[in-house]
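Structure file entry27.cif (mmCIF, C-alpha atoms) follows.
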data_coords
loop_
_atom_site.label_atom_id
_atom_site.label_comp_id
_atom_site.auth_asym_id
_atom_site.auth_seq_id
_atom_site.Cartn_x
_atom_site.Cartn_y
_atom_site.Cartn_z
CA MET A 1 80.51 107.02 119.92
CA TYR A 2 82.10 103.58 119.78
CA GLU A 3 85.28 103.39 117.74
CA GLY A 4 87.04 100.21 116.76
CA GLN A 5 88.74 98.41 113.93
CA ILE A 6 90.18 95.04 113.10
CA ALA A 7 93.31 94.38 111.07
CA GLU A 8 94.24 90.89 109.98
CA THR A 9 95.65 88.82 107.14
CA VAL A 10 93.19 87.30 104.70
CA PHE A 11 93.40 85.29 101.48
CA TYR A 12 91.50 86.06 98.32
CA ARG A 13 91.53 84.94 94.69
CA GLY A 14 93.63 87.15 92.45
CA HIS A 15 94.98 86.88 88.92
CA LYS A 16 94.04 83.56 87.29
CA GLY A 17 92.41 82.44 90.53
CA ASP A 18 95.72 82.43 92.40
CA GLN A 19 95.53 82.67 96.15
CA VAL A 20 96.85 86.04 97.31
CA ILE A 21 97.57 86.99 100.90
CA ALA A 22 96.55 90.47 101.98
CA TYR A 23 96.50 92.65 105.05
CA TYR A 24 92.96 93.81 105.66
CA ALA A 25 91.88 96.61 107.99
CA ARG A 26 88.29 97.72 108.46
CA PRO A 27 86.09 99.51 110.98
CA LEU A 28 84.17 97.34 113.42
CA GLY A 29 80.64 98.26 112.58
CA ALA A 30 77.71 97.47 110.37
CA GLY A 31 78.73 99.87 107.64
CA PRO A 32 78.10 100.63 104.92
CA TYR A 33 81.80 101.18 104.25
CA PRO A 34 83.55 101.98 100.98
CA GLY A 35 86.55 99.88 100.07
CA VAL A 36 90.09 100.81 99.08
CA VAL A 37 92.72 98.58 97.48
CA VAL A 38 96.14 99.75 98.68
CA LEU A 39 99.13 98.99 96.46
CA HIS A 40 102.39 98.88 98.37
CA HIS A 41 105.65 100.50 97.33
CA MET A 42 108.63 98.58 95.98
CA PRO A 43 110.17 97.97 99.43
CA GLY A 44 107.29 95.58 99.75
CA TRP A 45 104.41 94.52 101.94
CA ASP A 46 105.86 96.25 104.94
CA GLU A 47 104.90 97.82 108.22
CA TRP A 48 104.43 101.31 106.83
CA ASN A 49 101.91 100.14 104.24
CA ARG A 50 100.02 98.31 106.98
CA GLU A 51 99.84 101.63 108.82
CA VAL A 52 98.25 103.13 105.70
CA ALA A 53 95.58 100.42 105.69
CA ARG A 54 94.82 101.04 109.36
CA LYS A 55 94.67 104.80 108.77
CA LEU A 56 92.10 104.26 106.04
CA ALA A 57 90.11 101.99 108.37
CA HIS A 58 90.24 104.67 111.04
CA HIS A 59 88.60 107.01 108.54
CA GLY A 60 85.83 104.58 107.71
CA TYR A 61 87.18 102.51 104.82
CA ALA A 62 87.67 98.79 104.43
CA ALA A 63 91.25 98.73 103.17
CA ILE A 64 92.91 95.70 101.64
CA LEU A 65 96.66 95.59 101.05
CA PRO A 66 97.59 92.65 98.81
CA ASN A 67 101.09 91.26 99.02
CA LEU A 68 102.06 91.75 95.40
CA HIS A 69 105.28 89.79 95.97
CA TYR A 70 103.59 86.75 97.50
CA ARG A 71 103.89 84.44 94.52
CA GLU A 72 107.60 84.91 94.09
CA ALA A 73 108.49 84.78 97.77
CA PRO A 74 105.77 83.34 100.02
CA GLY A 75 106.64 83.79 103.65
CA ALA A 76 109.76 85.84 102.98
CA SER A 77 110.43 89.14 104.71
CA PRO A 78 109.27 92.20 102.73
CA ASP A 79 112.81 93.25 101.84
CA ASP A 80 113.88 89.77 100.71
CA ALA A 81 110.68 89.40 98.67
CA SER A 82 111.18 92.80 97.10
CA ALA A 83 114.77 91.97 96.17
CA LYS A 84 113.62 88.73 94.56
CA VAL A 85 110.90 90.44 92.52
CA ARG A 86 113.26 93.20 91.45
CA ALA A 87 115.77 90.64 90.22
CA MET A 88 113.00 88.92 88.26
CA GLY A 89 112.05 92.15 86.48
CA LEU A 90 109.31 93.48 88.78
CA THR A 91 105.63 92.53 89.08
CA PRO A 92 103.97 91.73 85.74
CA ASP A 93 101.28 94.26 84.86
CA ASP A 94 98.70 91.65 83.88
CA GLN A 95 99.17 89.87 87.19
CA LEU A 96 98.77 93.16 89.05
CA ILE A 97 95.51 93.93 87.27
CA GLY A 98 94.13 90.49 88.12
CA ASP A 99 95.12 90.92 91.74
CA VAL A 100 93.44 94.34 91.99
CA GLU A 101 90.27 93.03 90.34
CA GLY A 102 90.21 90.16 92.82
CA ALA A 103 90.73 92.50 95.76
CA ALA A 104 87.89 94.76 94.55
CA THR A 105 85.61 91.73 94.25
CA PHE A 106 86.57 90.69 97.77
CA LEU A 107 85.71 94.16 99.11
CA ARG A 108 82.37 94.38 97.32
CA ALA A 109 81.35 90.93 98.59
CA GLN A 110 81.40 91.95 102.24
CA THR A 111 78.04 92.46 103.94
CA TYR A 112 79.10 95.86 105.24
CA ALA A 113 80.36 97.15 101.86
CA ASN A 114 78.72 100.11 100.18
CA GLY A 115 79.74 98.81 96.75
CA LYS A 116 82.27 101.53 95.95
CA VAL A 117 85.94 100.67 95.60
CA GLY A 118 88.91 102.95 95.12
CA VAL A 119 92.57 102.20 94.57
CA MET A 120 95.57 103.96 96.08
CA GLY A 121 99.25 103.28 95.71
CA PHE A 122 102.69 104.61 96.45
CA CYS A 123 105.85 104.74 94.37
CA SER A 124 105.70 101.66 92.09
CA GLY A 125 102.21 101.21 93.53
CA GLY A 126 101.38 104.69 92.25
CA ARG A 127 102.21 103.58 88.73
CA GLN A 128 100.13 100.45 89.31
CA THR A 129 97.27 102.61 90.57
CA TYR A 130 97.28 104.65 87.38
CA LEU A 131 97.43 101.45 85.34
CA ALA A 132 94.52 99.97 87.31
CA ALA A 133 92.47 103.12 86.71
CA CYS A 134 93.11 102.66 82.98
CA ARG A 135 92.37 98.95 82.82
CA ILE A 136 89.66 98.28 85.44
CA PRO A 137 86.50 100.17 84.51
CA SER A 138 84.64 99.21 87.69
CA LEU A 139 86.88 101.26 89.97
CA ASP A 140 85.28 104.35 91.47
CA ALA A 141 88.31 106.49 92.38
CA ALA A 142 92.09 106.40 92.22
CA VAL A 143 94.89 108.08 94.18
CA ASP A 144 98.34 107.98 92.59
CA CYS A 145 101.02 108.93 95.09
CA TRP A 146 104.23 109.77 93.22
CA GLY A 147 104.05 106.87 90.82
CA GLY A 148 107.16 106.76 88.68
CA ARG A 149 107.28 105.54 85.09
CA VAL A 150 103.62 106.36 84.40
CA VAL A 151 105.43 108.21 81.67
CA ALA A 152 108.06 105.72 80.52
CA LYS A 153 110.70 105.85 77.85
CA PRO A 154 110.71 102.97 75.36
CA GLU A 155 113.91 101.60 76.88
CA GLU A 156 112.19 101.40 80.28
CA LEU A 157 109.53 99.02 79.01
CA THR A 158 109.99 95.32 79.72
CA PRO A 159 108.13 92.10 78.91
CA ARG A 160 106.57 92.24 82.38
CA GLN A 161 105.70 95.93 82.15
CA PRO A 162 105.32 96.47 78.42
CA VAL A 163 103.25 99.66 78.38
CA ALA A 164 103.65 103.19 79.69
CA PRO A 165 100.39 103.66 81.62
CA VAL A 166 100.00 107.23 80.38
CA THR A 167 99.37 105.87 76.88
CA LEU A 168 96.21 104.16 78.21
CA THR A 169 94.77 107.36 79.69
CA LYS A 170 91.80 107.48 77.31
CA ASP A 171 90.45 104.32 79.00
CA ILE A 172 90.35 105.80 82.51
CA ASN A 173 86.88 105.48 83.94
CA CYS A 174 87.25 107.00 87.41
CA PRO A 175 88.44 110.27 88.95
CA VAL A 176 92.20 110.40 89.59
CA LEU A 177 93.91 112.29 92.39
CA GLY A 178 97.67 112.71 92.07
CA LEU A 179 100.14 113.80 94.76
CA PHE A 180 103.69 114.65 93.76
CA GLY A 181 106.85 116.26 95.11
CA ASN A 182 108.48 118.89 92.93
CA GLU A 183 111.92 117.59 93.91
CA ASP A 184 111.16 114.07 92.78
CA ALA A 185 113.19 112.66 89.88
CA SER A 186 110.77 109.84 89.11
CA PRO A 187 108.22 111.08 88.40
CA SER A 188 109.90 114.35 87.50
CA PRO A 189 107.83 117.54 87.30
CA ALA A 190 108.04 117.17 83.50
CA ASP A 191 106.62 113.64 83.77
CA VAL A 192 103.77 114.95 85.90
CA ASP A 193 103.17 117.73 83.38
CA GLN A 194 102.87 115.16 80.62
CA THR A 195 100.47 112.99 82.59
CA GLU A 196 98.34 115.99 83.49
CA ALA A 197 98.26 117.19 79.89
CA THR A 198 97.12 113.76 78.76
CA LEU A 199 94.36 113.60 81.36
CA LYS A 200 93.23 117.04 80.28
CA GLN A 201 93.36 116.12 76.61
CA HIS A 202 91.03 113.18 77.21
CA GLY A 203 88.66 115.16 79.42
CA LYS A 204 89.22 113.03 82.52
CA VAL A 205 88.24 114.05 86.03
CA TYR A 206 91.47 114.58 87.93
CA GLU A 207 93.18 116.76 90.51
CA PHE A 208 96.95 117.03 90.93
CA HIS A 209 98.69 118.54 93.93
CA ARG A 210 102.40 119.26 93.76
CA TYR A 211 104.54 120.21 96.71
CA ASP A 212 107.68 122.28 96.89
CA ASN A 213 110.37 121.13 99.29
CA ALA A 214 109.16 117.56 98.81
CA GLY A 215 110.57 114.71 96.80
CA HIS A 216 109.61 111.06 96.61
CA GLY A 217 107.62 109.30 99.30
CA PHE A 218 106.85 112.27 101.49
CA PHE A 219 104.14 110.42 103.46
CA ALA A 220 106.60 107.88 104.84
CA VAL A 221 107.27 108.80 108.45
CA ASP A 222 110.10 106.28 108.69
CA ARG A 223 112.12 107.77 105.84
CA PRO A 224 114.15 110.95 105.49
CA ASN A 225 111.87 112.18 102.71
CA TYR A 226 108.95 112.67 105.09
CA ARG A 227 107.57 116.20 104.76
CA GLN A 228 105.13 117.17 107.44
CA TYR A 229 103.26 119.90 105.58
CA ALA A 230 102.92 117.96 102.34
CA ALA A 231 101.92 114.79 104.17
CA VAL A 232 99.21 116.42 106.24
CA ASP A 233 97.85 118.37 103.29
CA GLY A 234 98.10 115.34 101.01
CA TRP A 235 96.20 113.06 103.36
CA GLN A 236 93.49 115.71 103.63
CA HIS A 237 93.12 115.65 99.85
CA VAL A 238 93.01 111.86 99.89
CA PHE A 239 90.11 111.76 102.31
CA GLU A 240 88.27 114.55 100.51
CA TRP A 241 88.69 112.61 97.24
CA PHE A 242 87.53 109.30 98.60
CA GLY A 243 84.78 111.02 100.58
CA LYS A 244 83.48 112.61 97.39
CA TYR A 245 83.72 109.63 95.06
CA LEU A 246 83.34 106.57 97.26
CA SER A 247 80.23 107.59 99.17
CA ALA A 248 77.25 105.46 98.29
CA MET B 249 111.11 102.25 93.62
CA CYS B 250 110.80 104.15 90.49
CA SER B 251 113.45 102.74 88.26
CA ASN B 252 113.82 99.25 86.92
CA ILE B 253 117.53 99.60 86.37
CA ILE B 254 119.44 96.64 87.69
CA GLU B 255 122.87 95.28 86.94
CA GLN B 256 123.40 91.61 87.55
CA ALA B 257 126.63 89.68 87.95
CA ASN B 258 127.12 85.93 88.19
CA ILE B 259 129.60 85.38 91.00
CA PHE B 260 131.15 82.54 92.96
CA GLY B 261 131.82 82.90 96.64
CA SER B 262 130.15 82.78 100.03
CA GLY B 263 128.12 85.18 102.08
CA LYS B 264 126.90 85.12 105.66
CA GLY B 265 123.19 85.76 106.01
CA ALA B 266 120.65 85.44 108.78
CA GLN B 267 120.95 81.63 108.70
CA GLY B 268 124.73 81.47 108.45
CA TRP B 269 127.08 81.00 105.53
CA PHE B 270 125.83 80.04 102.11
CA GLU B 271 127.13 79.86 98.55
CA LEU B 272 126.69 83.03 96.52
CA ARG B 273 125.67 82.80 92.90
CA GLN B 274 124.55 86.29 91.88
CA ALA B 275 125.01 89.93 92.81
CA ASN B 276 122.20 92.33 91.92
CA VAL B 277 123.23 95.97 91.89
CA TYR B 278 120.89 98.94 91.66
CA TYR B 279 120.59 102.58 92.65
CA ASP B 280 117.16 103.34 94.03
CA HIS B 281 115.23 104.01 97.22
CA PRO B 282 116.69 101.90 100.00
CA PHE B 283 114.83 99.65 102.39
CA HIS B 284 116.68 100.64 105.55
CA ALA B 285 119.42 103.24 105.03
CA PRO B 286 118.31 106.77 105.93
CA LEU B 287 118.79 108.01 102.36
CA ASP B 288 116.63 109.10 99.47
CA HIS B 289 118.58 106.89 97.10
CA ALA B 290 121.17 104.26 97.81
CA LEU B 291 123.47 102.01 95.86
CA THR B 292 122.25 98.59 96.85
CA ILE B 293 123.92 95.24 96.33
CA ASP B 294 122.02 92.04 96.97
CA PHE B 295 124.37 89.05 97.15
CA VAL B 296 122.05 86.11 96.60
CA ASN B 297 121.62 82.49 95.68
CA HIS B 298 118.23 82.17 93.99
CA ASP B 299 118.32 78.40 94.30
CA LEU B 300 118.17 78.72 98.07
CA GLY B 301 115.14 81.04 98.18
CA PRO B 302 114.64 84.76 98.73
CA SER B 303 116.05 84.74 102.26
CA ALA B 304 119.46 83.60 101.02
CA ARG B 305 120.55 87.19 100.67
CA VAL B 306 123.22 89.49 102.02
CA ALA B 307 122.15 93.06 101.36
CA VAL B 308 124.06 96.30 101.62
CA GLU B 309 122.82 99.85 101.03
CA MET B 310 125.14 102.84 100.87
CA THR B 311 125.55 106.34 99.50
CA ALA B 312 126.85 106.82 95.98
CA ASP B 313 130.10 108.22 97.37
CA SER B 314 130.46 105.21 99.64
CA ALA B 315 129.95 102.92 96.67
CA ARG B 316 132.60 104.71 94.64
CA GLU B 317 135.02 104.48 97.56
CA LEU B 318 134.21 100.79 97.86
CA VAL B 319 134.88 100.27 94.17
CA ARG B 320 138.22 102.04 94.58
CA CYS B 321 139.11 99.84 97.54
CA ILE B 322 138.14 96.66 95.73
CA GLU B 323 140.24 97.62 92.74
CA ALA B 324 143.15 98.56 95.00
CA ALA B 325 142.91 95.32 96.95
CA LEU B 326 142.82 93.27 93.77
CA ALA B 327 145.76 95.17 92.33
CA ALA B 328 147.75 94.66 95.50
CA GLY B 329 147.09 90.95 95.59
CA ALA B 330 149.57 88.56 94.09
CA ASP B 331 148.73 87.41 90.59
CA ALA B 332 149.19 83.85 91.74
CA HIS B 333 146.40 84.26 94.28
CA LEU B 334 144.08 85.82 91.74
CA ALA B 335 144.56 82.91 89.38
CA GLU B 336 143.64 80.27 91.93
CA GLY B 337 139.94 79.77 91.32
CA PRO B 338 136.64 80.85 89.84
CA MET B 339 136.23 83.83 92.09
CA VAL B 340 135.31 86.93 90.08
CA ALA B 341 132.43 87.99 87.91
CA ILE B 342 131.91 85.67 84.99
CA SER B 343 129.54 87.96 83.17
CA VAL B 344 127.69 91.19 83.75
CA LYS B 345 124.46 92.05 82.04
CA SER B 346 121.62 94.53 82.24
CA MET B 347 117.99 93.62 82.62
CA PRO B 348 116.11 93.56 79.31
#
This structure in structure tokens:
Amino acid sequence: MYEGQIAETVFYRGHKGDQVIAYYARPLGAGPYPGVVVLHHMPGWDEWNREVARKLAHHGYAAILPNLHYREAPGASPDDASAKVRAMGLTPDDQLIGDVEGAATFLRAQTYANGKVGVMGFCSGGRQTYLAACRIPSLDAAVDCWGGRVVAKPEELTPRQPVAPVTLTKDINCPVLGLFGNEDASPSPADVDQTEATLKQHGKVYEFHRYDNAGHGFFAVDRPNYRQYAAVDGWQHVFEWFGKYLSA
Amino acid sequence: MCSNIIEQANIFGSGKGAQGWFELRQANVYYDHPFHAPLDHALTIDFVNHDLGPSARVAVEMTADSARELVRCIEAALAAGADAHLAEGPMVAISVKSMP
């Protein structure tokens, strides 16, 4: 059977109609294909996140990876852009939500789309994934990979990120998969416990998998935190989750 | 990145980046996941000049112990310098603040 994919940069309309650049990977075929919005980690719109988009495409998903740091640093390298955004107080939550909504609209507009769209993010993108699941009712599935500050202390809230996403849990309208390392400090196992208890309290559809001997970012093959067992098992859960909830 | 802790200092000096020397205006200091160093967490310092764009940056990432040793060396070097040299110009942190 023929196998092929294309990966390229595209522009779409995000928050307030702003132009957002994104990396977009999809299978070369007629479809129908589900879509996934991938939210990059704080180190930025980098090579590893592009690999994630291509992996999703390899498994039959149209995956769009918006550059969430584009406005503040157009054309800059991922690390320089990330440093700039960090110094500015991180990506504003409202802007993030607008950019995810725009990306989902872009995915659903394609002729080969099946109409279902999930969201998946890592690290700060994991927090943003949880937030998107709370605030965008049209999403069909979410995968939060070790998102820190879903549970946030009052002193961690800022004008740009004024709400702890866990407090919005009652508004979640899609199934949530969570992957976490038990050696992670942010989110800590206690943070994950609190998030899970809140999901349970509100009767949400969710599944959490927690791994011993794993900390933060255990999918990242270019970092010392990579954990082979957790990564392989975690990816299997990701594809089972999306396969279950993003099929037309 | 899973903390939003950042310490910022206004500084005066110069740094050498990818495009050569430029005037430094700020130093952003944080302890979080690094971009390049093979560490889970690193003390990172971005020496920047925001007026010149995001690429006007000299970045360093190091272990916590390295950072403490660096602090010790900076303090020792300053202490060893002549007071007359230290008083010559606007060369040290003017203010230090935390992000709101």
Coordinates of box centre and edge lengths for stretch 1-15 of chain A, 3 Å on every side, axis-aligned, as AutoDock Vina command-line options:
--center_x 88.1 --center_y 96.0 --center_z 104.4 --size_x 21.1 --size_y 28.1 --size_z 37.0
Report the distance between atom CA of A:Met120 and atom CA of A:Glu196 in Å, rounded to one decimal place.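 A separation of 17.6 Å between them.
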Using only C-alpha atoms, which residue out of A:Ala63, A:Cys134, A:Leu179, A:Ala109 lies closest to A:Tyr211?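 Once distances to A:Tyr211 are computed over only C-alpha atoms, the minimum belongs to A:Leu179.
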What residues in chain B have any atom no more than 9 Å from chain A when counting all atoms listed in the file, and can you write them as a ChimeraX atom specification? /B:249-254,256,276,281-288,294,298,301-305,307,347-348
Take the residues just selected and output them with C-alpha atoms as a compact mmCIF listing (two decimals), in the frame of the given file.
# COMPACT_ATOMS: atom_id res chain seq x y z
CA MET B 249 111.11 102.25 93.62
CA CYS B 250 110.80 104.15 90.49
CA SER B 251 113.45 102.74 88.26
CA ASN B 252 113.82 99.25 86.92
CA ILE B 253 117.53 99.60 86.37
CA ILE B 254 119.44 96.64 87.69
CA GLN B 256 123.40 91.61 87.55
CA ASN B 276 122.20 92.33 91.92
CA HIS B 281 115.23 104.01 97.22
CA PRO B 282 116.69 101.90 100.00
CA PHE B 283 114.83 99.65 102.39
CA HIS B 284 116.68 100.64 105.55
CA ALA B 285 119.42 103.24 105.03
CA PRO B 286 118.31 106.77 105.93
CA LEU B 287 118.79 108.01 102.36
CA ASP B 288 116.63 109.10 99.47
CA ASP B 294 122.02 92.04 96.97
CA HIS B 298 118.23 82.17 93.99
CA GLY B 301 115.14 81.04 98.18
CA PRO B 302 114.64 84.76 98.73
CA SER B 303 116.05 84.74 102.26
CA ALA B 304 119.46 83.60 101.02
CA ARG B 305 120.55 87.19 100.67
CA ALA B 307 122.15 93.06 101.36
CA MET B 347 117.99 93.62 82.62
CA PRO B 348 116.11 93.56 79.31
What is the atom CA of A:His15 to atom CA of A:Asn114 distance in Å?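 Between these atoms lies a distance of 23.8 Å.
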Please enumerate the residues selected by the PyMOL selection byres ((chain A and resi 37) around 7) when evaluated against the supplied file, formatted as a ChimeraX atom specification. /A:35-36,38-39,63-65,100,103-104,118-120
Could you check how far atom CA of A:Trp241 sits from atom CA of A:Tyr206, in Å to one decimal?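 About the pair atom CA of A:Trp241 and atom CA of A:Tyr206: they are 9.9 Å apart.
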Result set, the PyMOL selection byres ((chain B and resi 292) around 8) on current file, as a PDB file with C-alpha atoms, in the coordinates of the input:
ATOM      1  CA  ASN B 276     122.200  92.330  91.920  1.00  0.00           C
ATOM      2  CA  VAL B 277     123.230  95.970  91.890  1.00  0.00           C
ATOM      3  CA  TYR B 278     120.890  98.940  91.660  1.00  0.00           C
ATOM      4  CA  TYR B 279     120.590 102.580  92.650  1.00  0.00           C
ATOM      5  CA  ASP B 280     117.160 103.340  94.030  1.00  0.00           C
ATOM      6  CA  PRO B 282     116.690 101.900 100.000  1.00  0.00           C
ATOM      7  CA  ALA B 290     121.170 104.260  97.810  1.00  0.00           C
ATOM      8  CA  LEU B 291     123.470 102.010  95.860  1.00  0.00           C
ATOM      9  CA  ILE B 293     123.920  95.240  96.330  1.00  0.00           C
ATOM     10  CA  ASP B 294     122.020  92.040  96.970  1.00  0.00           C
ATOM     11  CA  ALA B 307     122.150  93.060 101.360  1.00  0.00           C
ATOM     12  CA  VAL B 308     124.060  96.300 101.620  1.00  0.00           C
ATOM     13  CA  GLU B 309     122.820  99.850 101.030  1.00  0.00           C
ATOM     14  CA  MET B 310     125.140 102.840 100.870  1.00  0.00           C
TER      15      MET B 310
END
Given all atoms listed in the file as the counted atoms, nearest of A:Val176, A:Val221, A:Glu240, A:Lys204 to A:Asn49: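 Residue with the minimum atom-to-atom distance to A:Asn49: A:Val221.
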Using only C-alpha atoms, which protein or nucleic acid residues come within 10 Å of A:Ala30? Drop anything in the same chain fewer than 4 positions from it, and give the result as a CSV table (one decimal) with C-alpha atoms, keeping the file's coordinate frame.
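Generated output (part27.csv):
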chain,number,residue,atom,x,y,z
A,111,THR,CA,78.0,92.5,103.9
A,112,TYR,CA,79.1,95.9,105.2
A,113,ALA,CA,80.4,97.2,101.9
So that I can check the surroundings of stretch 267-273 of chain B, please list as a PyMOL selection string every protein, DNA and RNA residue that reaches within 9 Å of it, counting all atoms listed in the file and ignoring chain neighbours fewer than 5 positions away. chain B and resi 257-262+295-300+303-305
Within 12 Å of (84.8, 114.2, 76.3) in the file's own coordinates, which protein, DNA or RNA residues have an atom, counting all atoms listed in the file? List them as number ranges by chain. A: 170-173, 199-205
Among A:Thr198, A:Cys145, A:Asp191, A:Pro165, A:His237 is approached most closely, using only C-alpha atoms, by A:Cys145
Between A:Leu107, A:Ile136, A:Leu96, A:Ala220, which one has atoms that come closest to A:Tyr70, using all atoms listed in the file?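 Closest to A:Tyr70 of all the choices is A:Leu96.
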